[in-house]
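Engineer: Before I ask anything, here is the structure I am working with.
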Protein chains: 2
Amino acid sequence: MLPAEIVAIGSELLTPYHTDTNSLWLTEQLNAVGIEVKLKTIVGDDEARLEEMLRDAWQRSRVIISTGGLGPTEDDITRKVFAKVLDRPLELHPEILAGIQALFEKRGLVMSPNNERQAMILSGATVLPNSKGTAPGILVSDNNRYVVMLPGPPREMKPMFTEHVLPVLAKLSQGVRICRRTLKVVGLGESAVDSLIAPIYRQYQNPTTTILFNMRAEVNIHFTATAATEFEANQLLDELTAKVSAVLGDNLFAWSDEHLEQVVGRLLLEQKATLAVAESCTGGLLAMRLTDTAGSSAYFQEGFITYTAAAKMTTLGVPVEIIAQDGVVSAAVAEAMALGARTRAGTTFGLGITGIAGPTGATAAQPVGTVFVGLATPTKTIHRALQLPGDRDRIRWLAATAALDLLRRRGLNELL
Amino acid sequence: MLPAEIVAIGSELLTPYHTDTNSLWLTEQLNAVGIEVKLKTIVGDDEARLEEMLRDAWQRSRVIISTGGLGPTEDDITRKVFAKVLDRPLELHPEILAGIQALFEKRGLVMSPNNERQAMILSGATVLPNSKGTAPGILVSDNNRYVVMLPGPPREMKPMFTEHVLPVLAKLSQGVRICRRTLKVVGLGESAVDSLIAPIYRQYQNPTTTILFNMRAEVNIHFTATAATEFEANQLLDELTAKVSAVLGDNLFAWSDEHLEQVVGRLLLEQKATLAVAESCTGGLLAMRLTDTAGSSAYFQEGFITYTAAAKMTTLGVPVEIIAQDGVVSAAVAEAMALGARTRAGTTFGLGITGIAGPTGATAAQPVGTVFVGLATPTKTIHRALQLPGDRDRIRWLAATAALDLLRRRGLNELL
């Protein structure tokens, strides 16, 4: 793969408040056309240091991509420093200046003379139009080496890169295409997934395999294939994913970027089924995840957040005897909550969650992380008992995930 | 301020999946003791490139902090490359090896010979104990220059840095202390806040002021003061925050890191008041935010997510005539939902939210972002009509924030 480096420019990126996220998106785009990011540098609005960084980069890399520092203020030094390092004077482009002036007039504003800076372009460089802002990008091609200066704001940077830079860079690495595929697993931990599939993926140098556990309590398996054509790369991916899918069985819930709640929502929609949920320790998180998706009103009808025992009885009709006998954190209450939600809302399915998210509320018999999820379907009411790890936030995510997964495995297949 | 640089080491940091977040935390810690981060470099498990980076860093910076690459595998090259660059051989520390071995035995595992690598320390360096993992950190002090090698996992890195590194570095910059303070505003946009307070903060070179709008729909005003002592820095902050607070009035809701839902929760607790919520377009987000805080069951009692008109009538008792006359997205329904939640749950306060989060559901009269929030108190039922900007996610956040803010301004002051 052709090596590249990314330089993110801006003093705000050296504060505790801002991280560079542009480079993640750029890396994905570059990888897809066979370019590998070997180094990332984050430097402030500091001419001497930026010059040193860019001189080194220019010595070592065939492709340099910078983001930021193209604004109209004195702090915006990207153009000036690259001009020095590449030894190409800045030239005023009157047609760019006219365009910026027109944009200001359209907005009913007077252009400050500062903005003239944004019309200064390195001699011999290609101007990259900015469809979302005033600062154009700049591309310098010099003896088969490339420097690309992009604006910092993602909404300006991304379309500029896709439209004007990617086609140029894609030609550099002809004969190399990188394709990725993601499988998502629920119900197994990262190391359990690895033990299951390592004997398969270790037989392949290409595609490569990365297993990641994310904040959403999903295990994501990323495959990256490199080949001469997209077709060949996808053939490699097909072969490996088929083998891995076979051993993962129905722990596998997505072959794409879909989240678990989106998969469940899609299945509900396909089966013309509806859902109501009753939550205690997750406090609305399950409903929030389900309704994050536009159009969820087609299957999600109602949610009951019964944080007290009284609410569980009054709103959901959980029998007082069950609470007295088994306690509010119990399999029987989770089932009664699921049934209550289904009955009150008149839906196909009901889900119930009760548990101890912590850090307080634990007892000797029920430590933090004790959670019961219940499911009521047209034919049965069932539950799963869980002992979940982590802090309050993690336990709440895992509990909502377990409820969604119970519906996926034991509810939605019932209607098929 | 004393300049420093941070080097994050690990090939996973050059993929589209991982970003370096350690450096944000480290920057905050370093700033507090008068050290400024001037450069960040992210490099893979690539010996030649890391060596080049570290040689340059060693030339230019008095303080270098690395994270990552201290694991037991061949990919973990931090120790080896620093040893080469600093020209200090690696020496086996038998007492570290014994400690690692003991840790493995305690977990019932056999130590792989690879782990011996983690007991190799640069000659003359200080060993930094790792209370959360096997890899110790390393501190080299050489002619008033400092190299600190920290492990990558934040739960190992952070306590090691706080306990063993910060006390050493704090001495370097004696005579400079940096203190920060954050004010949080709701109900005004970033530019409205800036217009209000710029005439004040522009009069100060120290503290400096940064205004940021975050994902949580809060405007955060960060002040940073530099002085010889913490006392003096705080005096500077006191003076500026007093002046800024005066013009912001009750748009200001926090003088700390507290979120709006935490402030509201604290006020409910102080006033021994309780809350129930009724949500439509926010789909559980308001309840989820309120119950994110441990101990919220002391004031949060019940949530009703009435996604359909039928649920609004059946569960909350919203009169059918109101829905027929004003429509489900209306001020009258928001008030009726708030009142219904308060009545059904028997709480001090009720909040109601109805609106169009989009992208679908808009009409000619009601575009995406039309939201009504209602509040029912012991003495009144009121509402606010909003036209919120952004996508579905942003509109949901802003709507939940507006409901919390209505309770803060118009409900909680009623009980005082």
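Naming scheme: A, B, ... for chains in displayed order of the structure tokens; residues 1 onward per chain; ligands 1 onward as shown.
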So that I can see what lies close to A:Lys132, please list as a PyMOL selection string the residues with an atom at most 12 Å from it, counting only C-alpha atoms and leaving out residues fewer than 5 positions away in the same chain.
Structural biologist: chain A and resi 100+103+137+151-160
Engineer: I'd like the contact shell of B:Ala287 - 10 Å cut-off, only C-alpha atoms, skipping same-chain residues fewer than 5 positions apart - returned as a list in words.
Structural biologist: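 What passes the distance filter is Thr282, Gly283, Gly284, Leu285, Ala287, Met288 and Ile305 of chain A; Glu261, Ala276, Val277, Ala278, Glu279, Thr282, Asp292, Phe300, Gln301, Glu302, Gly303, Phe304, Ile305 and Ala400 of chain B.
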Engineer: Given the selection you just returned, output its residues as a file containing N, CA, C and O atoms, formatted as a PDB file, in the first residue's frame.
Structural biologist:
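What follows is the written file out_6.pdb:
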ATOM      1  N   THR A 282     -33.161   0.623  33.364  1.00  0.00           N
ATOM      2  CA  THR A 282     -32.659   1.273  32.153  1.00  0.00           C
ATOM      3  C   THR A 282     -33.297   2.657  31.957  1.00  0.00           C
ATOM      4  O   THR A 282     -32.820   3.441  31.129  1.00  0.00           O
ATOM      5  N   GLY A 283     -34.356   2.953  32.675  1.00  0.00           N
ATOM      6  CA  GLY A 283     -34.895   4.312  32.776  1.00  0.00           C
ATOM      7  C   GLY A 283     -35.207   5.023  31.472  1.00  0.00           C
ATOM      8  O   GLY A 283     -35.103   6.249  31.409  1.00  0.00           O
ATOM      9  N   GLY A 284     -35.576   4.318  30.411  1.00  0.00           N
ATOM     10  CA  GLY A 284     -35.926   4.977  29.159  1.00  0.00           C
ATOM     11  C   GLY A 284     -34.906   4.728  28.059  1.00  0.00           C
ATOM     12  O   GLY A 284     -35.144   5.051  26.895  1.00  0.00           O
ATOM     13  N   LEU A 285     -33.778   4.132  28.416  1.00  0.00           N
ATOM     14  CA  LEU A 285     -32.722   3.902  27.428  1.00  0.00           C
ATOM     15  C   LEU A 285     -33.183   2.966  26.315  1.00  0.00           C
ATOM     16  O   LEU A 285     -32.876   3.178  25.130  1.00  0.00           O
ATOM     17  N   ALA A 287     -36.284   2.433  25.194  1.00  0.00           N
ATOM     18  CA  ALA A 287     -37.216   3.171  24.330  1.00  0.00           C
ATOM     19  C   ALA A 287     -36.466   4.198  23.496  1.00  0.00           C
ATOM     20  O   ALA A 287     -36.710   4.359  22.299  1.00  0.00           O
ATOM     21  N   MET A 288     -35.525   4.894  24.112  1.00  0.00           N
ATOM     22  CA  MET A 288     -34.740   5.913  23.406  1.00  0.00           C
ATOM     23  C   MET A 288     -33.988   5.281  22.233  1.00  0.00           C
ATOM     24  O   MET A 288     -33.979   5.837  21.138  1.00  0.00           O
ATOM     25  N   ILE A 305     -41.921   3.729  31.973  1.00  0.00           N
ATOM     26  CA  ILE A 305     -40.738   3.723  32.829  1.00  0.00           C
ATOM     27  C   ILE A 305     -41.232   3.727  34.264  1.00  0.00           C
ATOM     28  O   ILE A 305     -41.603   4.762  34.806  1.00  0.00           O
TER      29      ILE A 305
ATOM     30  N   GLU B 261     -29.384  17.911  33.584  1.00  0.00           N
ATOM     31  CA  GLU B 261     -30.244  16.945  34.279  1.00  0.00           C
ATOM     32  C   GLU B 261     -29.738  16.688  35.700  1.00  0.00           C
ATOM     33  O   GLU B 261     -30.529  16.363  36.595  1.00  0.00           O
ATOM     34  N   ALA B 276     -42.465  13.255  37.255  1.00  0.00           N
ATOM     35  CA  ALA B 276     -42.828  12.248  36.248  1.00  0.00           C
ATOM     36  C   ALA B 276     -42.793  12.930  34.884  1.00  0.00           C
ATOM     37  O   ALA B 276     -43.049  14.130  34.788  1.00  0.00           O
ATOM     38  N   VAL B 277     -42.478  12.170  33.838  1.00  0.00           N
ATOM     39  CA  VAL B 277     -42.368  12.774  32.510  1.00  0.00           C
ATOM     40  C   VAL B 277     -43.220  12.007  31.506  1.00  0.00           C
ATOM     41  O   VAL B 277     -43.417  10.794  31.632  1.00  0.00           O
ATOM     42  N   ALA B 278     -43.718  12.740  30.518  1.00  0.00           N
ATOM     43  CA  ALA B 278     -44.472  12.137  29.418  1.00  0.00           C
ATOM     44  C   ALA B 278     -43.819  12.579  28.119  1.00  0.00           C
ATOM     45  O   ALA B 278     -43.678  13.776  27.871  1.00  0.00           O
ATOM     46  N   GLU B 279     -43.378  11.607  27.324  1.00  0.00           N
ATOM     47  CA  GLU B 279     -42.606  11.949  26.122  1.00  0.00           C
ATOM     48  C   GLU B 279     -43.248  11.398  24.866  1.00  0.00           C
ATOM     49  O   GLU B 279     -43.745  10.279  24.861  1.00  0.00           O
ATOM     50  N   THR B 282     -39.292  12.637  21.899  1.00  0.00           N
ATOM     51  CA  THR B 282     -37.994  12.322  22.511  1.00  0.00           C
ATOM     52  C   THR B 282     -37.883  10.841  22.888  1.00  0.00           C
ATOM     53  O   THR B 282     -36.789  10.362  23.171  1.00  0.00           O
ATOM     54  N   ASP B 292     -29.816   8.640  34.332  1.00  0.00           N
ATOM     55  CA  ASP B 292     -28.383   8.375  34.157  1.00  0.00           C
ATOM     56  C   ASP B 292     -27.634   8.559  35.473  1.00  0.00           C
ATOM     57  O   ASP B 292     -26.572   7.973  35.685  1.00  0.00           O
ATOM     58  N   PHE B 300     -37.060  10.885  40.636  1.00  0.00           N
ATOM     59  CA  PHE B 300     -37.723  10.470  39.405  1.00  0.00           C
ATOM     60  C   PHE B 300     -38.608   9.269  39.694  1.00  0.00           C
ATOM     61  O   PHE B 300     -38.133   8.252  40.177  1.00  0.00           O
ATOM     62  N   GLN B 301     -39.908   9.388  39.395  1.00  0.00           N
ATOM     63  CA  GLN B 301     -40.799   8.288  39.752  1.00  0.00           C
ATOM     64  C   GLN B 301     -41.307   7.495  38.557  1.00  0.00           C
ATOM     65  O   GLN B 301     -41.352   6.278  38.600  1.00  0.00           O
ATOM     66  N   GLU B 302     -41.683   8.178  37.496  1.00  0.00           N
ATOM     67  CA  GLU B 302     -42.291   7.424  36.415  1.00  0.00           C
ATOM     68  C   GLU B 302     -42.180   8.191  35.096  1.00  0.00           C
ATOM     69  O   GLU B 302     -42.199   9.417  35.071  1.00  0.00           O
ATOM     70  N   GLY B 303     -42.068   7.426  33.994  1.00  0.00           N
ATOM     71  CA  GLY B 303     -42.047   8.015  32.664  1.00  0.00           C
ATOM     72  C   GLY B 303     -43.056   7.324  31.776  1.00  0.00           C
ATOM     73  O   GLY B 303     -43.246   6.109  31.880  1.00  0.00           O
ATOM     74  N   PHE B 304     -43.698   8.104  30.918  1.00  0.00           N
ATOM     75  CA  PHE B 304     -44.680   7.560  29.978  1.00  0.00           C
ATOM     76  C   PHE B 304     -44.245   7.951  28.580  1.00  0.00           C
ATOM     77  O   PHE B 304     -44.161   9.143  28.274  1.00  0.00           O
ATOM     78  N   ILE B 305     -43.941   6.948  27.771  1.00  0.00           N
ATOM     79  CA  ILE B 305     -43.564   7.262  26.394  1.00  0.00           C
ATOM     80  C   ILE B 305     -44.762   6.933  25.517  1.00  0.00           C
ATOM     81  O   ILE B 305     -44.998   5.780  25.169  1.00  0.00           O
ATOM     82  N   ALA B 400     -35.489  17.708  24.866  1.00  0.00           N
ATOM     83  CA  ALA B 400     -35.364  17.236  26.250  1.00  0.00           C
ATOM     84  C   ALA B 400     -34.713  18.318  27.119  1.00  0.00           C
ATOM     85  O   ALA B 400     -35.112  18.548  28.271  1.00  0.00           O
TER      86      ALA B 400
END
Engineer: Select residues of chain B: the criterion is any atom within 8 Å of an atom of chain A, counting only C-alpha atoms; output as a PyMOL selection string.
Structural biologist: chain B and resi 14-21+23-28+37-44+282-288+291-292+294-295+297+300-308+311+345+358-360+392-393
Engineer: Can you tell me which residues surround B:Val168 at a distance of at most 10 Å, considering only C-alpha atoms, apart from same-chain residues fewer than 5 positions away, and format the answer as a PyMOL selection string?
Structural biologist: chain B and resi 139+141+146+161+163+173
Engineer: Which residues are near stretch 239-242 of chain A? Cut-off 9 Å, only C-alpha atoms, ignore same chain within fewer than 2 positions. Put them as a list in words.
Structural biologist: Arg181, Leu183, Ile200, Tyr201, Tyr204, Pro207, Phe223, Asn234, Gln235, Leu236, Leu237, Val244, Ser245 and Ala246 of chain A
Engineer: So how far away is atom CA of B:Gly99 from atom CA of B:Ala125, in Å?
Structural biologist: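 Pair atom CA of B:Ala125 / atom CA of B:Gly99 returns 18.3 Å.
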Engineer: I need the strand (DSSP E) residues of stretch 134-221 of chain B per DSSP on the backbone, written as number ranges by chain.
Structural biologist: B: 137-142, 145-150, 177-185, 208-213, 219-221
Engineer: In Å, rounded to a single decimal, give me how far atom CA of A:Leu252 is from atom CA of A:Leu268.
Structural biologist: 17.7 Å
Engineer: Would you mind listing what lies within 7 Å of B:Arg88 as a list of chain:residue names, with only C-alpha atoms counted and same-chain residues fewer than 2 positions away left out?
Structural biologist: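 The filter keeps B:Ala83, B:Lys84, B:Leu86, B:Leu90, B:Leu122, B:Ser123.
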Engineer: Quick one, how far is atom CA of A:Ala192 from atom CA of B:Pro113?
Structural biologist: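 One can read the atom CA of A:Ala192 to atom CA of B:Pro113 distance as 23.7 Å.
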